[in-house]
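Coordinates as given in model_20.txt (compact mmCIF, C-alpha atoms):
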```txt
# COMPACT_ATOMS: atom_id res chain seq x y z
CA MET A 1 77.52 83.36 -18.77
CA ASN A 2 80.00 83.63 -15.91
CA PRO A 3 83.13 81.55 -16.43
CA LEU A 4 83.27 78.22 -14.62
CA VAL A 5 85.56 78.16 -11.61
CA ILE A 6 88.02 75.36 -10.87
CA GLU A 7 88.59 75.26 -7.13
CA PHE A 8 92.08 73.84 -6.78
CA PHE A 9 92.77 72.45 -3.30
CA TRP A 10 96.53 72.18 -2.88
CA ASP A 11 99.21 71.41 -0.32
CA PRO A 12 102.85 71.87 -1.32
CA ALA A 13 103.73 68.63 0.50
CA SER A 14 102.26 66.64 -2.42
CA PRO A 15 104.37 66.05 -5.56
CA TYR A 16 101.36 65.27 -7.75
CA THR A 17 99.92 68.62 -6.68
CA TRP A 18 103.04 70.38 -8.00
CA LEU A 19 102.66 68.52 -11.30
CA ALA A 20 98.99 69.47 -11.60
CA ALA A 21 99.72 73.05 -10.55
CA THR A 22 102.05 73.45 -13.53
CA GLN A 23 99.14 72.57 -15.86
CA ILE A 24 96.01 74.02 -14.31
CA GLU A 25 96.13 77.64 -15.53
CA ALA A 26 96.70 76.52 -19.13
CA LEU A 27 93.85 74.01 -18.82
CA ALA A 28 91.60 76.76 -17.46
CA ALA A 29 92.58 79.04 -20.34
CA ARG A 30 91.79 76.33 -22.91
CA THR A 31 88.35 75.75 -21.44
CA GLY A 32 87.40 79.32 -20.58
CA ALA A 33 87.45 78.63 -16.84
CA THR A 34 89.23 80.39 -13.99
CA VAL A 35 91.22 78.92 -11.11
CA SER A 36 90.51 79.56 -7.44
CA TRP A 37 93.62 78.47 -5.52
CA ARG A 38 92.62 77.03 -2.15
CA PRO A 39 95.31 75.97 0.32
CA PHE A 40 94.39 73.01 2.55
CA VAL A 41 96.17 70.63 4.90
CA LEU A 42 96.60 67.22 3.27
CA GLY A 43 97.71 65.55 6.51
CA LYS A 44 94.38 66.50 8.10
CA VAL A 45 92.52 65.10 5.10
CA PHE A 46 94.37 61.79 5.49
CA GLU A 47 93.60 61.77 9.22
CA ALA A 48 89.92 62.43 8.66
CA THR A 49 89.38 59.90 5.88
CA GLY A 50 91.79 57.08 6.77
CA ASN A 51 93.49 57.52 3.42
CA ARG A 52 97.27 57.23 3.28
CA ALA A 53 100.07 58.74 1.24
CA PRO A 54 101.14 56.40 -1.59
CA ALA A 55 104.65 56.14 -0.15
CA THR A 56 103.27 54.21 2.86
CA VAL A 57 103.15 51.07 0.68
CA ALA A 58 106.79 50.03 0.09
CA ALA A 59 106.30 48.77 -3.47
CA LYS A 60 104.43 51.98 -4.36
CA ALA A 61 107.14 54.14 -2.81
CA LYS A 62 109.76 52.40 -4.93
CA HIS A 63 107.74 53.11 -8.07
CA LEU A 64 106.84 56.68 -7.07
CA PHE A 65 110.04 58.36 -8.24
CA LYS A 66 109.83 56.78 -11.67
CA ASP A 67 106.18 57.73 -12.03
CA LEU A 68 106.79 61.33 -10.97
CA GLY A 69 109.69 61.61 -13.40
CA ARG A 70 107.54 60.38 -16.27
CA TRP A 71 104.82 62.95 -15.60
CA ALA A 72 107.39 65.72 -15.26
CA ALA A 73 108.92 64.69 -18.61
CA LEU A 74 105.48 64.52 -20.25
CA TYR A 75 104.73 68.05 -19.04
CA GLY A 76 108.23 69.36 -19.74
CA GLN A 77 108.44 70.54 -16.13
CA PRO A 78 111.23 70.19 -13.57
CA LEU A 79 110.77 68.04 -10.48
CA ASN A 80 113.59 67.19 -8.08
CA PHE A 81 112.59 65.03 -5.17
CA PRO A 82 113.57 67.07 -2.08
CA LYS A 83 115.90 65.79 0.64
CA VAL A 84 113.38 66.83 3.31
CA PHE A 85 110.26 64.72 2.74
CA PRO A 86 107.63 64.75 4.05
CA VAL A 87 107.74 68.43 4.91
CA ASN A 88 105.79 70.53 7.39
CA SER A 89 103.77 72.75 5.07
CA ILE A 90 101.61 74.59 7.63
CA ALA A 91 103.56 77.86 7.58
CA ALA A 92 103.61 77.86 3.77
CA LEU A 93 99.87 77.16 3.63
CA ARG A 94 99.06 79.95 6.10
CA MET A 95 101.20 82.37 4.11
CA ALA A 96 99.32 81.22 1.01
CA CYS A 97 96.05 82.19 2.69
CA ALA A 98 97.51 85.60 3.48
CA ALA A 99 98.71 85.98 -0.12
CA GLY A 100 95.32 84.87 -1.41
CA ALA A 101 93.67 87.72 0.47
CA THR A 102 95.53 90.13 -1.80
CA GLY A 103 94.65 88.23 -4.97
CA ASP A 104 98.06 86.61 -5.32
CA GLY A 105 97.12 83.07 -4.29
CA GLY A 106 98.01 81.37 -7.55
CA ARG A 107 101.32 83.06 -8.02
CA PHE A 108 102.23 82.31 -4.41
CA ALA A 109 101.21 78.65 -4.73
CA LEU A 110 103.40 78.16 -7.77
CA ALA A 111 106.31 79.99 -6.13
CA VAL A 112 106.23 77.94 -2.94
CA MET A 113 105.81 74.63 -4.77
CA ARG A 114 108.64 75.50 -7.14
CA ALA A 115 110.84 76.35 -4.14
CA TYR A 116 110.16 72.91 -2.66
CA TRP A 117 109.82 70.63 -5.72
CA VAL A 118 112.42 72.23 -7.97
CA ASP A 119 114.89 74.09 -5.76
CA GLY A 120 114.76 71.76 -2.76
CA VAL A 121 114.09 74.54 -0.23
CA ASP A 122 113.00 73.17 3.16
CA ILE A 123 109.77 75.16 3.28
CA GLY A 124 109.13 73.81 6.78
CA GLN A 125 111.80 76.28 8.01
CA PRO A 126 110.28 79.79 8.23
CA GLU A 127 113.57 81.56 7.38
CA ALA A 128 114.10 79.46 4.25
CA LEU A 129 110.46 79.86 3.29
CA VAL A 130 110.54 83.65 3.68
CA ALA A 131 113.76 83.85 1.66
CA ALA A 132 112.34 81.70 -1.13
CA VAL A 133 109.09 83.59 -1.56
CA SER A 134 110.89 86.93 -1.23
CA ALA A 135 113.18 85.85 -4.08
CA ALA A 136 109.99 85.19 -6.09
CA GLY A 137 108.87 88.79 -5.60
CA PHE A 138 106.71 88.59 -2.47
CA ASP A 139 107.16 90.45 0.79
CA GLY A 140 107.98 87.27 2.67
CA ALA A 141 108.38 88.87 6.08
CA ALA A 142 105.02 90.64 5.80
CA LEU A 143 103.29 87.44 4.68
CA LEU A 144 104.84 85.49 7.55
CA ALA A 145 103.61 88.10 10.00
CA ALA A 146 100.15 88.06 8.44
CA SER A 147 100.09 84.24 8.53
CA GLN A 148 100.31 84.30 12.30
CA GLN A 149 97.01 86.15 12.67
CA GLN A 150 94.11 84.05 13.91
CA PRO A 151 91.76 84.77 10.96
CA VAL A 152 94.39 83.44 8.54
CA LYS A 153 94.87 80.29 10.63
CA ASP A 154 91.09 79.90 10.76
CA GLU A 155 90.80 80.24 7.00
CA LEU A 156 93.23 77.37 6.42
CA ARG A 157 91.36 75.19 8.89
CA ALA A 158 88.03 76.11 7.28
CA ASN A 159 89.35 75.28 3.79
CA THR A 160 90.48 71.87 5.02
CA ASP A 161 87.24 71.12 6.84
CA GLU A 162 85.24 72.22 3.81
CA ALA A 163 87.21 69.99 1.43
CA ILE A 164 86.72 66.97 3.70
CA LYS A 165 83.01 67.72 4.00
CA ARG A 166 82.71 67.96 0.22
CA GLY A 167 84.32 64.52 -0.19
CA ALA A 168 88.07 65.12 -0.62
CA PHE A 169 90.45 62.35 0.48
CA GLY A 170 93.71 63.37 -1.18
CA ALA A 171 95.51 66.03 -3.20
CA PRO A 172 95.28 67.67 -5.56
CA THR A 173 91.50 67.90 -5.42
CA PHE A 174 89.53 69.97 -7.92
CA PHE A 175 85.92 71.05 -7.74
CA VAL A 176 83.75 72.48 -10.48
CA GLY A 177 80.61 73.28 -8.55
CA SER A 178 79.71 70.05 -6.75
CA GLU A 179 81.73 67.88 -9.16
CA MET A 180 84.93 66.62 -7.55
CA PHE A 181 88.03 65.39 -9.35
CA TRP A 182 91.01 63.89 -7.56
CA GLY A 183 94.56 63.68 -8.75
CA ASN A 184 96.94 65.02 -11.35
CA ASP A 185 95.96 61.98 -13.45
CA ARG A 186 92.35 63.24 -13.61
CA LEU A 187 93.18 66.52 -15.36
CA VAL A 188 92.02 64.78 -18.54
CA LEU A 189 88.59 64.16 -16.97
CA LEU A 190 88.43 67.69 -15.57
CA GLU A 191 89.17 69.15 -18.98
CA ASN A 192 86.64 66.83 -20.60
CA ALA A 193 83.95 68.00 -18.16
CA LEU A 194 84.77 71.69 -18.63
CA THR A 195 84.75 71.34 -22.40
CA ALA A 196 81.37 69.61 -22.25
CA ALA A 197 80.02 72.30 -19.91
CA ALA A 198 81.22 75.06 -22.23
CA LYS A 199 79.34 73.46 -25.14
CA ALA A 200 76.17 72.94 -23.11
CA MET B 1 113.39 45.24 -35.07
CA ASN B 2 111.02 42.99 -33.17
CA PRO B 3 107.89 44.78 -31.97
CA LEU B 4 107.85 45.85 -28.34
CA VAL B 5 105.63 43.73 -26.12
CA ILE B 6 103.23 45.18 -23.55
CA GLU B 7 102.76 42.62 -20.79
CA PHE B 8 99.30 43.35 -19.46
CA PHE B 9 98.71 41.87 -15.99
CA TRP B 10 94.98 41.73 -15.41
CA ASP B 11 92.36 40.44 -12.98
CA PRO B 12 88.68 40.78 -13.92
CA ALA B 13 87.89 41.77 -10.32
CA SER B 14 89.31 45.26 -11.04
CA PRO B 15 87.13 47.87 -12.80
CA TYR B 16 90.09 50.01 -13.87
CA THR B 17 91.52 46.89 -15.51
CA TRP B 18 88.36 46.54 -17.60
CA LEU B 19 88.66 50.19 -18.64
CA ALA B 20 92.33 49.77 -19.62
CA ALA B 21 91.58 46.48 -21.39
CA THR B 22 89.17 48.27 -23.71
CA GLN B 23 92.02 50.56 -24.81
CA ILE B 24 95.17 48.47 -24.83
CA GLU B 25 94.98 46.76 -28.24
CA ALA B 26 94.33 50.09 -29.98
CA LEU B 27 97.21 51.68 -28.07
CA ALA B 28 99.47 48.79 -29.11
CA ALA B 29 98.38 49.18 -32.73
CA ARG B 30 99.12 52.93 -32.66
CA THR B 31 102.63 52.35 -31.31
CA GLY B 32 103.55 49.20 -33.25
CA ALA B 33 103.61 47.07 -30.09
CA THR B 34 101.89 43.78 -29.27
CA VAL B 35 99.99 42.80 -26.13
CA SER B 36 100.78 39.76 -24.00
CA TRP B 37 97.74 39.15 -21.78
CA ARG B 38 98.85 37.81 -18.40
CA PRO B 39 96.22 36.79 -15.83
CA PHE B 40 97.24 37.32 -12.19
CA VAL B 41 95.54 37.34 -8.80
CA LEU B 42 95.12 40.91 -7.55
CA GLY B 43 94.11 39.80 -4.06
CA LYS B 44 97.46 38.03 -3.66
CA VAL B 45 99.27 41.16 -4.86
CA PHE B 46 97.46 43.23 -2.21
CA GLU B 47 98.33 40.62 0.45
CA ALA B 48 101.99 40.57 -0.53
CA THR B 49 102.48 44.34 -0.73
CA GLY B 50 100.14 45.68 1.94
CA ASN B 51 98.35 47.71 -0.70
CA ARG B 52 94.56 47.98 -0.50
CA ALA B 53 91.70 48.32 -2.95
CA PRO B 54 90.57 51.98 -3.27
CA ALA B 55 87.12 51.09 -1.96
CA THR B 56 88.60 50.36 1.48
CA VAL B 57 88.68 54.11 2.16
CA ALA B 58 85.07 55.23 2.55
CA ALA B 59 85.48 58.65 0.90
CA LYS B 60 87.27 57.00 -2.04
CA ALA B 61 84.59 54.35 -2.38
CA LYS B 62 81.94 57.05 -2.58
CA HIS B 63 83.86 58.78 -5.36
CA LEU B 64 84.73 55.55 -7.20
CA PHE B 65 81.47 55.16 -9.13
CA LYS B 66 81.63 58.69 -10.45
CA ASP B 67 85.25 58.33 -11.47
CA LEU B 68 84.63 55.01 -13.24
CA GLY B 69 81.67 56.48 -15.08
CA ARG B 70 83.75 59.42 -16.29
CA TRP B 71 86.47 57.15 -17.72
CA ALA B 72 83.87 54.92 -19.36
CA ALA B 73 82.28 57.98 -20.97
CA LEU B 74 85.67 59.31 -22.10
CA TYR B 75 86.40 55.95 -23.75
CA GLY B 76 82.87 55.48 -25.07
CA GLN B 77 82.74 52.09 -23.34
CA PRO B 78 80.02 50.52 -21.21
CA LEU B 79 80.58 49.87 -17.52
CA ASN B 80 77.84 48.76 -15.15
CA PHE B 81 78.93 48.25 -11.59
CA PRO B 82 78.01 44.62 -10.80
CA LYS B 83 75.77 43.57 -7.91
CA VAL B 84 78.33 40.99 -6.82
CA PHE B 85 81.46 42.92 -5.81
CA PRO B 86 84.12 42.01 -4.97
CA VAL B 87 83.99 38.78 -6.95
CA ASN B 88 85.99 35.57 -6.72
CA SER B 89 87.93 35.64 -9.97
CA ILE B 90 90.12 32.56 -9.50
CA ALA B 91 88.13 30.25 -11.81
CA ALA B 92 87.99 32.94 -14.50
CA LEU B 93 91.73 33.56 -14.21
CA ARG B 94 92.56 29.85 -14.45
CA MET B 95 90.36 29.51 -17.51
CA ALA B 96 92.16 32.54 -18.94
CA CYS B 97 95.47 30.70 -18.52
CA ALA B 98 93.99 27.70 -20.33
CA ALA B 99 92.69 29.97 -23.10
CA GLY B 100 96.04 31.69 -23.33
CA ALA B 101 97.72 28.36 -24.04
CA THR B 102 95.78 28.22 -27.30
CA GLY B 103 96.59 31.84 -28.24
CA ASP B 104 93.19 33.20 -27.26
CA GLY B 105 94.20 34.98 -24.06
CA GLY B 106 93.27 38.48 -25.15
CA ARG B 107 89.91 37.58 -26.60
CA PHE B 108 89.10 35.55 -23.47
CA ALA B 109 90.16 38.39 -21.15
CA LEU B 110 87.90 40.86 -22.91
CA ALA B 111 85.01 38.36 -22.96
CA VAL B 112 85.19 37.58 -19.26
CA MET B 113 85.60 41.23 -18.24
CA ARG B 114 82.71 42.25 -20.46
CA ALA B 115 80.58 39.52 -18.86
CA TYR B 116 81.33 40.91 -15.42
CA TRP B 117 81.63 44.68 -15.99
CA VAL B 118 78.95 45.11 -18.65
CA ASP B 119 76.52 42.20 -18.33
CA GLY B 120 76.74 41.75 -14.56
CA VAL B 121 77.45 38.01 -14.73
CA ASP B 122 78.63 36.62 -11.39
CA ILE B 123 81.85 35.14 -12.78
CA GLY B 124 82.59 33.63 -9.36
CA GLN B 125 79.90 30.99 -10.17
CA PRO B 126 81.39 28.36 -12.52
CA GLU B 127 78.07 27.69 -14.29
CA ALA B 128 77.48 31.36 -15.02
CA LEU B 129 81.11 31.79 -16.07
CA VAL B 130 80.99 28.83 -18.47
CA ALA B 131 77.73 30.08 -19.98
CA ALA B 132 79.08 33.59 -20.47
CA VAL B 133 82.30 32.57 -22.19
CA SER B 134 80.47 29.97 -24.27
CA ALA B 135 78.14 32.71 -25.46
CA ALA B 136 81.27 34.62 -26.51
CA GLY B 137 82.37 31.72 -28.72
CA PHE B 138 84.60 29.70 -26.40
CA ASP B 139 84.21 26.05 -25.39
CA GLY B 140 83.47 26.99 -21.81
CA ALA B 141 83.14 23.44 -20.50
CA ALA B 142 86.47 22.42 -22.03
CA LEU B 143 88.21 25.51 -20.62
CA LEU B 144 86.76 24.84 -17.16
CA ALA B 145 88.02 21.26 -17.29
CA ALA B 146 91.44 22.44 -18.47
CA SER B 147 91.54 25.07 -15.73
CA GLN B 148 91.42 22.38 -13.08
CA GLN B 149 94.71 20.83 -14.21
CA GLN B 150 97.66 21.50 -11.93
CA PRO B 151 99.93 23.08 -14.59
CA VAL B 152 97.26 25.70 -15.28
CA LYS B 153 96.87 26.46 -11.58
CA ASP B 154 100.65 26.68 -11.31
CA GLU B 155 100.84 29.09 -14.21
CA LEU B 156 98.43 31.52 -12.54
CA ARG B 157 100.39 31.34 -9.31
CA ALA B 158 103.67 31.86 -11.18
CA ASN B 159 102.28 34.88 -13.03
CA THR B 160 101.22 36.42 -9.73
CA ASP B 161 104.53 35.72 -8.00
CA GLU B 162 106.43 37.10 -10.98
CA ALA B 163 104.42 40.33 -11.04
CA ILE B 164 105.02 40.88 -7.33
CA LYS B 165 108.73 40.18 -7.74
CA ARG B 166 108.92 42.68 -10.59
CA GLY B 167 107.33 45.37 -8.43
CA ALA B 168 103.58 45.22 -9.05
CA PHE B 169 101.26 46.38 -6.27
CA GLY B 170 97.93 46.80 -8.06
CA ALA B 171 96.04 46.31 -11.32
CA PRO B 172 96.20 46.81 -14.16
CA THR B 173 99.99 46.60 -14.33
CA PHE B 174 101.87 46.91 -17.61
CA PHE B 175 105.48 46.06 -18.33
CA VAL B 176 107.54 46.99 -21.36
CA GLY B 177 110.73 45.08 -20.63
CA SER B 178 111.71 46.13 -17.12
CA GLU B 179 109.67 49.35 -17.24
CA MET B 180 106.52 49.09 -15.12
CA PHE B 181 103.39 51.20 -15.46
CA TRP B 182 100.48 50.97 -13.04
CA GLY B 183 96.89 51.91 -13.63
CA ASN B 184 94.43 52.77 -16.35
CA ASP B 185 95.39 56.40 -15.73
CA ARG B 186 98.98 55.66 -16.82
CA LEU B 187 98.07 54.57 -20.35
CA VAL B 188 99.16 58.06 -21.42
CA LEU B 189 102.64 57.43 -19.96
CA LEU B 190 102.79 53.92 -21.46
CA GLU B 191 101.95 55.30 -24.89
CA ASN B 192 104.46 58.10 -24.48
CA ALA B 193 107.21 55.59 -23.65
CA LEU B 194 106.31 53.29 -26.56
CA THR B 195 106.24 56.20 -28.98
CA ALA B 196 109.65 57.37 -27.75
CA ALA B 197 111.03 53.82 -28.02
CA ALA B 198 109.73 53.48 -31.58
CA LYS B 199 111.54 56.70 -32.54
CA ALA B 200 114.78 55.66 -30.86
```

Would you mind writing the file out in structure tokens?
Amino acid sequence: MNPLVIEFFWDPASPYTWLAATQIEALAARTGATVSWRPFVLGKVFEATGNRAPATVAAKAKHLFKDLGRWAALYGQPLNFPKVFPVNSIAALRMACAAGATGDGGRFALAVMRAYWVDGVDIGQPEALVAAVSAAGFDGAALLAASQQQPVKDELRANTDEAIKRGAFGAPTFFVGSEMFWGNDRLVLLENALTAAAKA
Amino acid sequence: MNPLVIEFFWDPASPYTWLAATQIEALAARTGATVSWRPFVLGKVFEATGNRAPATVAAKAKHLFKDLGRWAALYGQPLNFPKVFPVNSIAALRMACAAGATGDGGRFALAVMRAYWVDGVDIGQPEALVAAVSAAGFDGAALLAASQQQPVKDELRANTDEAIKRGAFGAPTFFVGSEMFWGNDRLVLLENALTAAAKA
């Protein structure tokens, strides 16, 4: 049997996506699945669905930092809320598509999210972005150049449109076949489903 | 040391509150805590904070049934989405305050949520509500009469105002002292905090 694939739709602008990203490869390993890292534009998903970022409700925003810190502590992962928030993640997402074409999508995703959510790099600034991913072992300048090609831009748009069409309304969003899971807090349900599928 | 208290703010109108309610006493037992069941009016919390029920975003609403079913399966608990939704839960909440005065708040909460989320009783209809809680062993008629007294109405309003003042914006909301946790999906964080507190 071919291994099940977790399609992981991510945007580095989302803190819960960083949290989930730190867990997803280990979850896949435990359940015999593989991860397909798929960049998409969360802002466009919000626009299309009428959903809103949690921080748009004042009482939620106030609670958000505490909640994020608790998850980070539970996972034993760093998370430092960046000074620049929200951030323009389009350049990073396009570079992620370019990196994905060479099979490095997961490593790139983790590097760019770590740059933003741990090191506080303003990934909306191309120079800072290139420097950060170069420091993580990528050819940042080459990826930036590749990200400006139309097919790469089209891929990011197509990923976003596809996620919306398949029912996504936030991030992170996971698919296993047609089964959708939304949110870092649903990793437990995703794992439960993969474990059940492996037994079946 | 006195046991830690989990203040559990609940409204039977919320399906995630039913799910959490099925788990909270066992969680408290595992961590040496006790549960204080506190009825509050979720609609007023939404009004005060500008938060919205998840079903107000169409793509979320579509996903909601699947998500609820997955949690119910994970917990091994029944959940049947009722025909009448949303429901007017004010009478049920006032009766819960009256039941709480006699120390039966938790048992009443579980009975009324089971009536609505398992048996599909329209708890917005006083006759149906009285019949359902009477079938669960309460004196439904006496609780309904008690619920119409001003001090009981005031208690429900005070609970709601207090929750909003302490930062609540949805349901279920849990407090351990000044620490707030929101959502069935944060039971893992609540348990983590209680376990850490017990060790400290």

Practice task
For CA of Ser147 in chain A and CA of Met95 in chain A, quote the distance in Å rounded to one decimal.
Solution key: 4.9 Å

Practice task
Give the residues of chain A that lie within 10 Å of chain B; count all atoms listed in the file, and format the answer as a PyMOL selection string.
Solution key: chain A and resi 48-52+54+56-60+62-63+66-67+70-71+73-74+164-170+179-182+184-186+188-190+192-193

Handout entry: Point-to-point distance from CA of Trp117 in chain B to CA of Thr173 in chain B, Å rounded to tenths
Key =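 Computed distance, CA of Trp117 in chain B to CA of Thr173 in chain B, equals 18.5 Å.
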
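If you look at CA of Ala146 in chain A and CA of Pro39 in chain A, they are 15.3 Å away from each other.
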
Practice task
Tell me which protein, DNA and RNA residues are within 8 Å of range 79-88 of chain B, counting all atoms listed in the file, leaving out same-chain ones fewer than 5 positions away, and put them as a list of chain:residue names.
Solution key: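 Near range 79-88 of chain B, the qualifying residues are B:Ala13, B:Phe65, B:Leu68, B:Gly69, B:Ala72, B:Tyr116, B:Trp117, B:Val118, B:Asp119, B:Gly120, B:Val121, B:Asp122, B:Ile123, B:Gly124.
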